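A.B. asks: To be precise about what I am sending: the file is called run.txt and holds compact mmCIF, C-alpha atoms and all ligand atoms.
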# COMPACT_ATOMS: atom_id res chain seq x y z
CA MET A 1198 115.17 123.73 125.89
CA ILE A 1199 118.47 121.85 126.06
CA MET A 1200 119.87 121.10 122.62
CA SER A 1201 123.00 119.20 121.65
CA VAL A 1202 124.48 117.75 118.49
CA ARG A 1203 126.49 114.51 118.57
CA ASN A 1204 128.89 114.04 115.67
CA ASP A 1205 130.52 110.93 114.22
CA VAL A 1206 127.88 108.63 115.66
CA VAL A 1207 127.97 105.06 114.30
CA CYS A 1208 124.76 103.88 112.66
CA THR A 1209 123.58 100.60 114.15
CA TRP A 1210 121.49 99.27 111.31
CA CYS A 1211 123.50 97.47 108.65
CA GLY A 1212 127.05 96.13 108.50
CA CYS A 1213 128.39 99.32 106.88
CA CYS A 1214 128.34 100.89 110.38
CA CYS A 1215 128.56 104.39 108.84
CA ASP A 1216 130.43 106.43 111.44
CA ASP A 1217 129.56 109.94 110.27
CA ILE A 1218 126.00 110.27 111.56
CA GLU A 1219 125.14 113.61 113.13
CA VAL A 1220 122.38 113.35 115.74
CA ARG A 1221 120.50 116.40 117.04
CA VAL A 1222 119.06 115.88 120.53
CA GLU A 1223 116.56 118.25 122.16
CA ASP A 1224 115.47 117.78 125.78
CA GLY A 1225 116.76 114.20 125.72
CA ASN A 1226 114.92 113.23 122.52
CA ILE A 1227 116.37 112.64 119.06
CA GLN A 1228 114.92 115.34 116.79
CA SER A 1229 116.78 114.71 113.55
CA ILE A 1230 119.80 113.03 112.05
CA GLU A 1231 122.08 114.03 109.19
CA ASN A 1232 124.05 111.86 106.76
CA GLY A 1233 122.12 108.66 107.49
CA CYS A 1234 120.19 106.77 104.81
CA ARG A 1235 116.46 106.00 105.07
CA LEU A 1236 117.14 102.87 107.16
CA SER A 1237 119.29 104.82 109.58
CA LYS A 1238 116.69 107.58 109.91
CA SER A 1239 114.02 105.02 110.62
CA LYS A 1240 116.11 103.42 113.38
CA PHE A 1241 117.23 106.61 115.15
CA LEU A 1242 113.96 108.53 114.86
CA ASN A 1243 111.80 105.56 115.93
CA HIS A 1244 114.07 104.14 118.64
CA ASP A 1245 111.46 104.97 121.31
CA ARG A 1246 108.50 103.28 119.58
CA ASP A 1247 107.12 99.81 120.43
CA ARG A 1248 109.29 99.67 123.54
CA VAL A 1249 109.04 97.01 126.20
CA ASP A 1250 108.00 99.28 129.06
CA SER A 1251 108.72 96.95 131.99
CA PRO A 1252 110.19 93.49 132.78
CA LYS A 1253 107.52 90.85 132.23
CA ILE A 1254 106.82 87.25 133.21
CA LYS A 1255 104.13 85.08 131.61
CA ARG A 1256 101.46 84.06 134.11
CA SER A 1257 98.31 82.15 133.08
CA GLY A 1258 99.21 82.77 129.44
CA GLU A 1259 99.59 86.57 129.85
CA LEU A 1260 102.75 88.65 130.13
CA VAL A 1261 102.46 90.65 133.34
CA ASN A 1262 104.70 93.44 134.67
CA VAL A 1263 107.15 92.47 137.39
CA SER A 1264 110.18 94.08 139.01
CA MET A 1265 113.56 93.72 137.33
CA GLU A 1266 114.79 91.69 140.32
CA GLU A 1267 111.89 89.24 139.93
CA ALA A 1268 112.48 88.89 136.19
CA LEU A 1269 116.21 88.27 136.59
CA GLU A 1270 115.59 85.69 139.35
CA GLU A 1271 113.19 83.91 136.99
CA VAL A 1272 115.81 83.93 134.18
CA ALA A 1273 118.43 82.48 136.55
CA ASP A 1274 115.99 79.76 137.73
CA ILE A 1275 115.14 78.83 134.13
CA LEU A 1276 118.83 78.47 133.28
CA LYS A 1277 119.65 76.54 136.47
CA ASP A 1278 116.78 74.08 135.80
CA SER A 1279 117.73 73.60 132.15
CA GLU A 1280 119.86 70.67 130.99
CA PHE A 1281 120.43 71.90 127.43
CA PRO A 1282 119.82 75.65 127.06
CA LEU A 1283 120.27 77.66 123.89
CA ILE A 1284 121.59 81.23 123.74
CA TYR A 1285 120.83 82.87 120.41
CA GLY A 1286 120.78 86.17 118.50
CA LEU A 1287 123.59 88.62 119.32
CA SER A 1288 124.09 90.32 115.94
CA SER A 1289 122.31 93.55 116.97
CA THR A 1290 124.09 94.12 120.23
CA ASP A 1291 127.61 95.16 121.14
CA VAL A 1292 130.81 93.20 121.56
CA GLU A 1293 130.67 93.52 125.34
CA ALA A 1294 127.27 91.77 125.47
CA GLN A 1295 128.51 89.12 123.02
CA ARG A 1296 131.43 88.37 125.36
CA LEU A 1297 129.17 88.06 128.42
CA SER A 1298 126.71 85.86 126.50
CA THR A 1299 129.57 83.46 125.78
CA GLU A 1300 130.46 83.44 129.48
CA LEU A 1301 126.81 82.69 130.31
CA ALA A 1302 126.84 79.83 127.79
CA GLU A 1303 129.97 78.41 129.37
CA ILE A 1304 128.68 78.43 132.95
CA THR A 1305 125.29 76.98 131.97
CA GLY A 1306 126.63 74.34 129.52
CA ALA A 1307 124.55 75.94 126.76
CA SER A 1308 124.72 75.94 122.99
CA ILE A 1309 125.44 79.45 121.73
CA ASP A 1310 124.68 80.57 118.20
CA ASN A 1311 124.24 83.85 116.35
CA THR A 1312 122.15 84.91 113.36
CA SER A 1313 125.05 84.29 110.95
CA SER A 1314 124.03 80.62 111.04
CA VAL A 1315 121.09 81.57 108.79
CA CYS A 1316 122.91 84.10 106.54
CA HIS A 1317 126.68 84.09 105.98
CA SER A 1318 127.68 80.83 107.69
CA PRO A 1319 128.46 79.33 104.23
CA THR A 1320 130.90 82.23 103.75
CA ILE A 1321 132.60 81.34 107.01
CA PHE A 1322 132.81 77.64 106.07
CA ALA A 1323 134.31 78.54 102.67
CA ILE A 1324 136.90 80.85 104.25
CA GLN A 1325 137.72 78.21 106.87
CA SER A 1326 138.48 75.75 104.07
CA ILE A 1327 140.47 77.89 101.60
CA GLY A 1328 140.99 81.38 103.07
CA ALA A 1329 140.00 84.56 101.23
CA GLN A 1330 141.52 87.73 99.83
CA GLU A 1331 139.49 90.32 101.76
CA CYS A 1332 140.11 94.04 102.29
CA THR A 1333 138.62 97.04 104.09
CA LEU A 1334 135.93 99.27 102.66
CA GLY A 1335 138.50 102.08 102.58
CA GLU A 1336 140.77 100.11 100.25
CA VAL A 1337 137.91 99.63 97.80
CA LYS A 1338 137.06 103.33 97.98
CA ASN A 1339 140.67 104.29 97.29
CA ARG A 1340 141.64 101.68 94.73
CA ALA A 1341 138.86 99.66 93.10
CA ASP A 1342 138.14 100.40 89.43
CA LEU A 1343 135.94 97.31 88.91
CA VAL A 1344 133.27 96.35 91.45
CA PHE A 1345 130.92 93.38 91.24
CA PHE A 1346 127.75 93.08 93.29
CA TRP A 1347 127.04 89.37 93.07
CA GLY A 1348 123.78 88.13 94.56
CA SER A 1349 123.62 91.32 96.62
CA ASN A 1350 121.52 94.44 96.35
CA PRO A 1351 123.13 97.23 98.39
CA MET A 1352 120.81 99.90 96.99
CA SER A 1353 118.13 98.20 99.09
CA ALA A 1354 119.96 96.60 102.02
CA HIS A 1355 123.12 98.74 102.46
CA PRO A 1356 122.11 102.06 100.86
CA ARG A 1357 125.30 104.00 101.64
CA HIS A 1358 127.72 101.24 100.62
CA PRO A 1359 127.68 102.49 97.00
CA THR A 1360 127.79 106.19 97.89
CA ARG A 1361 130.36 105.98 100.67
CA TYR A 1362 132.69 103.19 99.56
CA SER A 1363 132.18 101.22 96.41
CA VAL A 1364 130.59 103.23 93.55
CA MET A 1365 130.48 107.00 93.92
CA PRO A 1366 133.27 108.30 96.17
CA ALA A 1367 136.53 109.69 94.88
CA GLY A 1368 139.54 107.95 96.41
CA LEU A 1369 143.31 108.12 96.35
CA HIS A 1370 143.57 106.21 93.05
CA THR A 1371 139.95 106.71 91.97
CA GLU A 1372 139.87 110.49 91.84
CA GLY A 1373 137.09 110.53 89.25
CA GLY A 1374 134.72 108.72 91.62
CA ARG A 1375 131.90 107.06 89.68
CA GLU A 1376 133.61 107.75 86.34
CA ASP A 1377 136.70 105.83 87.43
CA ARG A 1378 134.75 102.70 88.28
CA LYS A 1379 132.94 100.04 86.33
CA ILE A 1380 130.08 98.43 88.23
CA ILE A 1381 128.71 95.00 87.32
CA SER A 1382 125.68 93.41 88.94
CA VAL A 1383 125.18 89.64 88.71
CA ASP A 1384 121.77 88.57 89.92
CA VAL A 1385 118.76 86.46 89.11
CA ARG A 1386 116.56 89.54 88.67
CA GLU A 1387 117.04 93.17 87.77
CA THR A 1388 117.41 94.77 91.20
CA THR A 1389 117.80 98.48 91.94
CA THR A 1390 121.55 97.86 92.11
CA ALA A 1391 121.42 96.23 88.67
CA LYS A 1392 119.64 99.32 87.35
CA MET A 1393 122.44 101.65 88.46
CA ALA A 1394 125.22 99.28 87.33
CA ASP A 1395 127.13 99.70 84.06
CA ARG A 1396 126.37 96.12 83.23
CA PHE A 1397 123.78 93.64 84.44
CA ILE A 1398 124.36 89.92 84.03
CA GLN A 1399 121.12 88.03 84.61
CA ILE A 1400 121.98 84.52 85.71
CA GLU A 1401 119.60 81.61 86.05
CA PRO A 1402 118.86 80.74 89.71
CA GLY A 1403 121.30 78.26 91.24
CA LYS A 1404 123.94 78.58 88.49
CA ASP A 1405 126.55 80.77 90.23
CA TYR A 1406 128.96 77.88 90.85
CA GLU A 1407 128.90 77.03 87.16
CA LEU A 1408 129.51 80.65 86.13
CA PHE A 1409 132.49 81.08 88.49
CA SER A 1410 133.91 77.80 87.16
CA ALA A 1411 133.37 78.85 83.53
CA ILE A 1412 135.17 82.18 84.10
CA ARG A 1413 138.04 80.29 85.75
CA ALA A 1414 138.25 77.91 82.79
CA THR A 1415 138.34 80.87 80.41
CA LEU A 1416 141.11 82.52 82.44
CA LYS A 1417 143.10 79.30 82.13
CA GLY A 1418 142.77 79.41 78.34
CA TYR A 1419 139.99 76.90 77.69
CA ASP A 1420 137.51 77.66 74.89
CA LEU A 1421 133.92 77.38 76.07
CA LYS A 1422 131.71 75.46 73.66
CA GLU A 1423 128.51 76.59 75.31
CA GLY A 1424 127.28 79.08 77.89
CA VAL A 1425 126.23 78.42 81.49
CA GLY A 1426 123.37 79.75 83.58
CA GLY A 1427 121.86 81.53 80.57
CA ILE A 1428 125.13 83.45 79.94
CA SER A 1429 126.70 83.07 76.49
CA PRO A 1430 130.36 81.99 76.01
CA GLU A 1431 131.07 85.43 74.48
CA THR A 1432 129.79 87.22 77.61
CA ILE A 1433 131.82 84.91 79.85
CA GLU A 1434 134.93 85.71 77.74
CA GLU A 1435 134.22 89.43 78.11
CA LEU A 1436 133.79 89.13 81.87
CA ALA A 1437 137.08 87.24 82.23
CA GLN A 1438 138.81 89.88 80.11
CA GLU A 1439 137.34 92.78 82.10
CA MET A 1440 138.41 91.13 85.35
CA LYS A 1441 141.98 90.59 84.11
CA GLU A 1442 142.26 94.16 82.87
CA ALA A 1443 141.08 95.78 86.13
CA LYS A 1444 143.75 97.48 88.23
CA PHE A 1445 141.93 96.54 91.42
CA GLY A 1446 138.78 94.44 91.31
CA ALA A 1447 136.35 93.65 94.11
CA ILE A 1448 133.43 91.24 94.45
CA TYR A 1449 130.79 92.02 97.09
CA PHE A 1450 128.46 89.08 97.50
CA GLY A 1451 125.31 88.50 99.50
CA LEU A 1452 122.72 85.90 100.36
CA GLY A 1453 122.11 85.30 96.65
CA LEU A 1454 125.26 83.18 96.85
CA THR A 1455 125.17 81.89 100.42
CA MET A 1456 121.51 80.91 100.66
CA SER A 1457 120.93 79.48 97.18
CA THR A 1458 121.72 75.99 95.86
CA GLY A 1459 125.40 75.30 96.39
CA LYS A 1460 125.76 77.55 99.47
CA HIS A 1461 129.39 77.35 100.70
CA MET A 1462 130.45 75.72 97.42
CA ASN A 1463 129.30 78.88 95.60
CA VAL A 1464 131.47 81.01 97.88
CA THR A 1465 134.37 78.58 97.57
CA ALA A 1466 134.15 78.84 93.76
CA ALA A 1467 134.07 82.64 93.99
CA ILE A 1468 137.15 82.69 96.24
CA GLN A 1469 138.95 80.30 93.89
CA LEU A 1470 138.17 82.63 90.97
CA VAL A 1471 139.57 85.58 92.94
CA LYS A 1472 142.70 83.55 93.75
CA ASP A 1473 143.17 82.82 90.03
CA LEU A 1474 142.62 86.49 89.17
CA ASN A 1475 145.46 87.46 91.49
CA ASP A 1476 147.82 85.80 88.97
CA HIS A 1477 146.84 88.66 86.64
CA THR A 1478 145.91 91.65 88.81
CA LYS A 1479 144.78 92.61 92.29
CA PHE A 1480 141.33 91.25 93.17
CA VAL A 1481 139.46 90.90 96.47
CA ILE A 1482 136.20 89.38 97.68
CA ASN A 1483 134.09 90.52 100.63
CA PRO A 1484 130.73 89.47 102.10
CA MET A 1485 127.95 92.04 102.55
CA ARG A 1486 127.16 91.51 106.23
CA GLY A 1487 123.63 92.43 107.30
CA HIS A 1488 123.10 93.25 111.00
CA PHE A 1489 125.42 95.97 112.26
CA ASN A 1490 127.45 93.68 114.53
CA VAL A 1491 126.98 90.24 113.02
CA ALA A 1492 130.69 90.32 112.15
CA GLY A 1493 131.38 90.98 115.85
CA ALA A 1494 129.22 88.01 116.87
CA ASN A 1495 131.51 85.75 114.82
CA LYS A 1496 134.71 87.43 115.97
CA VAL A 1497 133.92 87.47 119.69
CA LEU A 1498 132.86 83.82 119.74
CA THR A 1499 136.03 82.97 117.80
CA TRP A 1500 138.32 84.87 120.25
CA LEU A 1501 136.74 83.07 123.17
CA THR A 1502 136.15 79.55 121.86
CA GLY A 1503 138.02 79.24 118.57
CA TYR A 1504 134.73 78.91 116.65
CA PRO A 1505 132.42 81.50 115.07
CA LEU A 1506 128.91 80.01 115.56
CA GLY A 1507 127.08 76.85 116.66
CA VAL A 1508 129.21 76.19 119.78
CA ASN A 1509 128.16 73.87 122.60
CA PHE A 1510 129.52 73.88 126.18
CA SER A 1511 127.67 70.86 127.62
CA ARG A 1512 130.96 69.02 128.22
CA GLY A 1513 132.55 72.03 129.88
CA TYR A 1514 134.63 72.99 126.85
CA PRO A 1515 133.62 74.45 123.47
CA ILE A 1516 132.52 71.97 120.79
CA TYR A 1517 131.94 73.28 117.26
CA GLY A 1518 128.86 71.86 115.57
CA PRO A 1519 127.23 73.72 112.69
CA GLY A 1520 124.14 71.68 111.79
CA GLU A 1521 124.25 70.14 115.25
CA PHE A 1522 124.38 73.03 117.72
CA THR A 1523 123.08 75.83 115.47
CA ALA A 1524 119.77 77.36 116.58
CA VAL A 1525 117.55 76.08 113.76
CA ASP A 1526 118.77 72.55 114.37
CA VAL A 1527 118.54 72.34 118.18
CA LEU A 1528 115.13 74.02 118.06
CA SER A 1529 113.64 72.07 115.14
CA ARG A 1530 114.82 68.77 116.64
CA LYS A 1531 113.36 69.89 120.00
CA GLU A 1532 116.71 69.29 121.74
CA CYS A 1533 117.02 72.43 123.84
CA ASP A 1534 114.84 72.78 126.94
CA ALA A 1535 115.22 76.55 127.47
CA ALA A 1536 116.30 79.52 125.34
CA VAL A 1537 117.71 82.98 125.93
CA VAL A 1538 117.25 85.24 122.91
CA ILE A 1539 119.35 88.42 122.90
CA ALA A 1540 118.61 91.32 120.50
CA SER A 1541 116.95 89.15 117.88
CA ASP A 1542 113.57 87.99 116.64
CA PRO A 1543 113.88 84.30 115.70
CA ALA A 1544 110.09 83.75 115.73
CA SER A 1545 109.90 86.02 112.66
CA HIS A 1546 112.86 84.54 110.81
CA LEU A 1547 113.43 80.89 111.67
CA PRO A 1548 111.41 77.99 110.22
CA SER A 1549 108.06 77.35 111.90
CA ALA A 1550 109.24 74.12 113.58
CA ALA A 1551 111.95 76.14 115.36
CA SER A 1552 109.51 78.87 116.42
CA GLU A 1553 107.01 76.30 117.65
CA HIS A 1554 109.62 74.77 119.95
CA LEU A 1555 110.55 78.23 121.25
CA ALA A 1556 106.90 78.64 122.23
CA ASP A 1557 106.91 75.23 123.98
CA ILE A 1558 110.00 75.74 126.18
CA PRO A 1559 110.84 78.45 128.74
CA THR A 1560 112.08 81.31 126.55
CA VAL A 1561 113.71 84.50 127.77
CA VAL A 1562 114.04 87.58 125.53
CA LEU A 1563 116.38 90.51 126.18
CA ASP A 1564 115.30 93.26 123.78
CA PRO A 1565 114.42 96.96 123.75
CA LYS A 1566 111.33 96.42 121.60
CA PHE A 1567 108.34 94.14 121.27
CA ASN A 1568 108.62 91.66 118.42
CA ALA A 1569 107.12 88.30 117.48
CA THR A 1570 109.47 86.47 119.88
CA THR A 1571 108.59 88.63 122.91
CA TYR A 1572 104.96 87.53 122.50
CA LEU A 1573 105.82 83.85 122.85
CA ALA A 1574 108.43 84.42 125.60
CA ASP A 1575 108.01 83.48 129.25
CA VAL A 1576 110.25 86.29 130.49
CA VAL A 1577 110.91 89.58 128.71
CA VAL A 1578 113.70 91.83 129.97
CA PRO A 1579 113.78 95.33 128.45
CA THR A 1580 117.21 96.71 127.61
CA ALA A 1581 118.70 99.95 126.35
CA MET A 1582 119.26 100.14 122.59
CA ALA A 1583 122.94 99.52 121.81
CA GLY A 1584 124.59 102.42 120.01
CA ILE A 1585 121.76 104.87 120.75
CA GLU A 1586 121.07 104.51 124.48
CA SER A 1587 124.26 102.72 125.53
CA GLU A 1588 127.85 102.74 124.33
CA GLY A 1589 129.95 99.77 123.34
CA THR A 1590 132.00 98.33 120.50
CA THR A 1591 130.99 96.97 117.10
CA TYR A 1592 132.76 95.35 114.16
CA ARG A 1593 132.01 96.73 110.71
CA MET A 1594 131.40 94.24 107.88
CA ASP A 1595 135.11 94.39 106.94
CA GLY A 1596 136.29 93.62 110.48
CA VAL A 1597 137.17 97.20 111.50
CA PRO A 1598 136.19 97.81 115.16
CA LEU A 1599 134.31 101.03 115.92
CA ARG A 1600 133.12 102.63 119.15
CA LEU A 1601 129.35 103.01 119.54
CA LYS A 1602 128.15 106.20 121.22
CA LYS A 1603 125.32 106.78 123.64
CA VAL A 1604 123.29 109.70 122.31
CA VAL A 1605 120.29 109.69 124.66
CA ASP A 1606 119.62 108.38 128.17
CA SER A 1607 117.48 105.34 128.88
CA ASP A 1608 115.64 104.03 131.93
CA GLN A 1609 116.81 100.55 130.99
CA MET A 1610 120.09 98.76 131.62
CA SER A 1611 122.31 97.84 128.67
CA ASP A 1612 122.44 94.22 127.45
CA SER A 1613 125.83 93.90 129.20
CA GLU A 1614 124.52 95.14 132.53
CA VAL A 1615 121.58 92.72 132.38
CA LEU A 1616 123.85 89.82 131.40
CA GLU A 1617 126.27 90.61 134.24
CA LYS A 1618 123.39 90.39 136.72
CA ILE A 1619 122.13 87.11 135.24
CA ILE A 1620 125.62 85.60 135.39
CA GLU A 1621 125.97 86.69 139.03
CA LYS A 1622 122.64 85.03 139.91
CA VAL A 1623 123.39 81.82 137.98
CA ARG A 1624 126.82 81.52 139.63
S1 LIG A 1701 124.18 102.24 104.96
FE1 LIG A 1701 123.72 101.04 106.76
S2 LIG A 1701 125.10 101.79 108.37
FE2 LIG A 1701 125.07 103.31 106.71
S3 LIG A 1701 123.53 104.80 107.33
FE3 LIG A 1701 122.49 103.29 106.01
S4 LIG A 1701 121.70 101.70 107.41
FE4 LIG A 1701 123.19 102.94 108.55
Using structure tokens, write down the structure that the file contains.

C.D. replies:
Amino acid sequence: MIMSVRNDVVCTWCGCCCDDIEVRVEDGNIQSIENGCRLSKSKFLNHDRDRVDSPKIKRSGELVNVSMEEALEEVADILKDSEFPLIYGLSSTDVEAQRLSTELAEITGASIDNTSSVCHSPTIFAIQSIGAQECTLGEVKNRADLVFFWGSNPMSAHPRHPTRYSVMPAGLHTEGGREDRKIISVDVRETTTAKMADRFIQIEPGKDYELFSAIRATLKGYDLKEGVGGISPETIEELAQEMKEAKFGAIYFGLGLTMSTGKHMNVTAAIQLVKDLNDHTKFVINPMRGHFNVAGANKVLTWLTGYPLGVNFSRGYPIYGPGEFTAVDVLSRKECDAAVVIASDPASHLPSAASEHLADIPTVVLDPKFNATTYLADVVVPTAMAGIESEGTTYRMDGVPLRLKKVVDSDQMSDSEVLEKIIEKVR
């Protein structure tokens, strides 16, 4: 039996990208992992389940096994015949594959979009309009004595965020760990994060903008005559006071802000509040990014085109068009005539009109596993799982780049290797 232990492996589940995972490998199989949360364990220990065993092409309504060469030729032919292709997904693969996908979009005149268009795109639009006072997870660990989770539930979606960075750990100026921090959860329901918080503020759905504005008014010295969003004027006063008195405050927000009524205006109001608070103390605001490299998907597209999502190359140069060239829109309006989906499952997540169009047009999926989208695809190309079976680079939710390790071998090529071959054939 050959046994090895790989240390400091980056977890490729959520945007925390915890880089302290210890993976024990026996005879080329992952036997156990240490330090990871339940989501991490599930990903590493089940990486070999539900795998796409061979390249496939749909013939007479059935996906049949073909050679890799045949599958890649078919992908190249689909892209060459297409007048308005869409390239989508990209948040669960590495930076190298994101760069090559952008190159493929450029040479095929495609629209390219990533999953942020259906999660934190309002955050991006807000930051594009007024900037933001962000910081790294390490700064929060070392300095923050007041942490808000606003419309986010890390105990469920980012389980080690509280234990590694924002609630429990002792830091340079937070030596007492949990005792040195006050945690406030603002949400429409009592989540598991709300249960562990020191204070839970239950806000009425769709009233975040009003609450941010009311706290700002209080900070500026206005007396509130009535509450907002089900929160009394006294509570709003207390919140404003607690924020002012913090030595270092942080707001971590999630889809409760970005995907509820108000969207980017909610985030804009939150950023404006944080700007006002910096007249009194140090305060920061950071999004809770979901997929492990969704931040990278935005960054890579921005390096290469100037824009983070919803970019179209049909005129030979990048055109930015959220709402116009984003995946939900080009699919629901039936504008694209072919799609390449990379490391994503839009058939499970996008509106039914978008999924229906995916089923109607030639769709290619590059993915290690079967999912709802592989079943409606015309070509399925199996790939190695980024960060477990192939190495690469990822961006953590706070923009810190980390190197992904390969911990076990795979029979499949990485996303980058497959994309390089497709680009070669299309050229
Ligand atoms: S918190 Fe996220 S990155 Fe960290 S171990 Fe859990 S799933 Fe992985």

A.B. asks: Taking all atoms listed in the file into account, which of A:Ala1581, A:Leu1269, A:Met1594, A:Ala1414 comes nearest ligand LIG 1701 (chain A)?

C.D. replies: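 Closest to ligand LIG 1701 (chain A), using all atoms listed in the file: A:Met1594.
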
A.B. asks: For ligand LIG 1701 (chain A), collect every residue having any atom at a distance of at most 9 Å from a ligand atom (counting all atoms listed in the file); output as a VMD selection string.

C.D. replies: chain A and resid 1207 to 1218 1232 to 1240 1351 to 1352 1354 to 1361 1487 to 1489 1593

A.B. asks: I'd like to know which of A:Ser1308, A:Ser1429, A:Ser1552, A:Ser1382 is closest to A:Asp1395, using only C-alpha atoms.

C.D. replies: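 Among A:Ser1308, A:Ser1429, A:Ser1552, A:Ser1382, it is A:Ser1382 that comes nearest to A:Asp1395.
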
A.B. asks: Go through A:Lys1496, A:Arg1396, A:Lys1255, A:His1317 one by one, measure the shortest atom-to-atom distance of each to A:Leu1454 using all atoms listed in the file, and give the residue with the smallest value.

C.D. replies: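 Residue with the minimum atom-to-atom distance to A:Leu1454: A:His1317.
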
A.B. asks: For A:Phe1345, work out the shell of residues within 9 Å, counting only C-alpha atoms and skipping chain neighbours fewer than 4 positions away, then give it as a PDB file with C-alpha atoms, in the coordinates of the input.

C.D. replies:
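This went into selection33.pdb:
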ATOM      1  CA  LYS A1379     132.940 100.040  86.330  1.00  0.00           C
ATOM      2  CA  ILE A1380     130.080  98.430  88.230  1.00  0.00           C
ATOM      3  CA  ILE A1381     128.710  95.000  87.320  1.00  0.00           C
ATOM      4  CA  SER A1382     125.680  93.410  88.940  1.00  0.00           C
ATOM      5  CA  VAL A1383     125.180  89.640  88.710  1.00  0.00           C
ATOM      6  CA  GLY A1446     138.780  94.440  91.310  1.00  0.00           C
ATOM      7  CA  ALA A1447     136.350  93.650  94.110  1.00  0.00           C
ATOM      8  CA  ILE A1448     133.430  91.240  94.450  1.00  0.00           C
ATOM      9  CA  TYR A1449     130.790  92.020  97.090  1.00  0.00           C
ATOM     10  CA  PHE A1450     128.460  89.080  97.500  1.00  0.00           C
TER      11      PHE A1450
END

A.B. asks: Find the residues around A:Glu1407 up to 9 Å (all atoms listed in the file counted), leave out those fewer than 5 positions away in its own chain, and share them as a list in words.

C.D. replies: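 The filter keeps Ile1412, Val1425, Gly1426, Asn1463 and Ala1466 of chain A.
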
A.B. asks: Mind pulling up the distance from atom CA of A:Val1344 to atom CA of A:Phe1445?

C.D. replies: 8.7 Å

A.B. asks: Work out how far atom CA of A:Leu1555 is from atom CA of A:Glu1617, in Å to one decimal.

C.D. replies: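 These two atoms are separated by 23.9 Å.
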
A.B. asks: For A:Gln1330, find every residue with an atom within 12 Å (counting all atoms listed in the file), except residues of its own chain fewer than 4 positions away, and show them as a ChimeraX atom specification.

C.D. replies: /A:1324,1446-1449,1465,1467-1475,1479-1484,1595

A.B. asks: Could you give me, as a list in words, the residues within 9 Å of A:Leu1616, counting all atoms listed in the file and dropping anything in the same chain fewer than 4 positions from it?

C.D. replies: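 Within the cut-off, the hits are Ala1294, Leu1297, Ser1298, Leu1301, Ser1611, Asp1612, Ile1620 and Glu1621 of chain A.
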
A.B. asks: Which residue is closest to A:Asp1384? Choose from A:Tyr1285, A:Trp1347, A:Tyr1406, A:Tyr1362 and count all atoms listed in the file.

C.D. replies: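 Checking each candidate against A:Asp1384, we get A:Trp1347 as the closest.
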
A.B. asks: Using only C-alpha atoms, find each residue in stretch 1304-1348 of chain A having at least one atom no more than 9 Å away from stretch 1526-1550 of chain A; report its shortest atom-to-atom pair and that distance in Å (one decimal), rows by chain then rising number, as JSON lines.

C.D. replies:
{"residue": "A:Ala1307", "atom": "CA", "partner": "A:Cys1533", "partner_atom": "CA", "distance": 8.8}
{"residue": "A:Ser1308", "atom": "CA", "partner": "A:Cys1533", "partner_atom": "CA", "distance": 8.5}
{"residue": "A:Thr1312", "atom": "CA", "partner": "A:Ser1541", "partner_atom": "CA", "distance": 8.1}
{"residue": "A:Val1315", "atom": "CA", "partner": "A:Leu1547", "partner_atom": "CA", "distance": 8.2}

A.B. asks: Do you have the atom CA of A:Thr1299-atom CA of A:Lys1602 distance handy?

C.D. replies: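 Here the two named atoms are 23.2 Å from each other.
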
A.B. asks: Would you mind listing what lies within 10 Å of A:Leu1276 as a VMD selection string, with only C-alpha atoms counted and same-chain residues fewer than 5 positions away left out?

C.D. replies: chain A and resid 1270 to 1271 1281 to 1283 1301 to 1302 1304 to 1307 1534 to 1537 1559 to 1561 1619 1623

A.B. asks: Restricting it to C-alpha atoms, dump the selection as a PDB file, keeping the file's coordinate frame.

C.D. replies:
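Final output, saved to out.pdb:
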ATOM      1  CA  GLU A1270     115.590  85.690 139.350  1.00  0.00           C
ATOM      2  CA  GLU A1271     113.190  83.910 136.990  1.00  0.00           C
ATOM      3  CA  PHE A1281     120.430  71.900 127.430  1.00  0.00           C
ATOM      4  CA  PRO A1282     119.820  75.650 127.060  1.00  0.00           C
ATOM      5  CA  LEU A1283     120.270  77.660 123.890  1.00  0.00           C
ATOM      6  CA  LEU A1301     126.810  82.690 130.310  1.00  0.00           C
ATOM      7  CA  ALA A1302     126.840  79.830 127.790  1.00  0.00           C
ATOM      8  CA  ILE A1304     128.680  78.430 132.950  1.00  0.00           C
ATOM      9  CA  THR A1305     125.290  76.980 131.970  1.00  0.00           C
ATOM     10  CA  GLY A1306     126.630  74.340 129.520  1.00  0.00           C
ATOM     11  CA  ALA A1307     124.550  75.940 126.760  1.00  0.00           C
ATOM     12  CA  ASP A1534     114.840  72.780 126.940  1.00  0.00           C
ATOM     13  CA  ALA A1535     115.220  76.550 127.470  1.00  0.00           C
ATOM     14  CA  ALA A1536     116.300  79.520 125.340  1.00  0.00           C
ATOM     15  CA  VAL A1537     117.710  82.980 125.930  1.00  0.00           C
ATOM     16  CA  PRO A1559     110.840  78.450 128.740  1.00  0.00           C
ATOM     17  CA  THR A1560     112.080  81.310 126.550  1.00  0.00           C
ATOM     18  CA  VAL A1561     113.710  84.500 127.770  1.00  0.00           C
ATOM     19  CA  ILE A1619     122.130  87.110 135.240  1.00  0.00           C
ATOM     20  CA  VAL A1623     123.390  81.820 137.980  1.00  0.00           C
TER      21      VAL A1623
END

A.B. asks: Could you tell me which of A:Glu1266, A:Asp1291, A:Glu1553, A:Asp1476 comes closest to A:Asn1490 if we count all atoms listed in the file?

C.D. replies: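 That would be A:Asp1291, the residue with the smallest distance to A:Asn1490.
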
A.B. asks: Pick the closest to A:Glu1442 from A:Lys1622, A:His1477, A:Lys1277, A:Arg1246: which is it, counting all atoms listed in the file?

C.D. replies: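 Selected residue with least distance to A:Glu1442: A:His1477.
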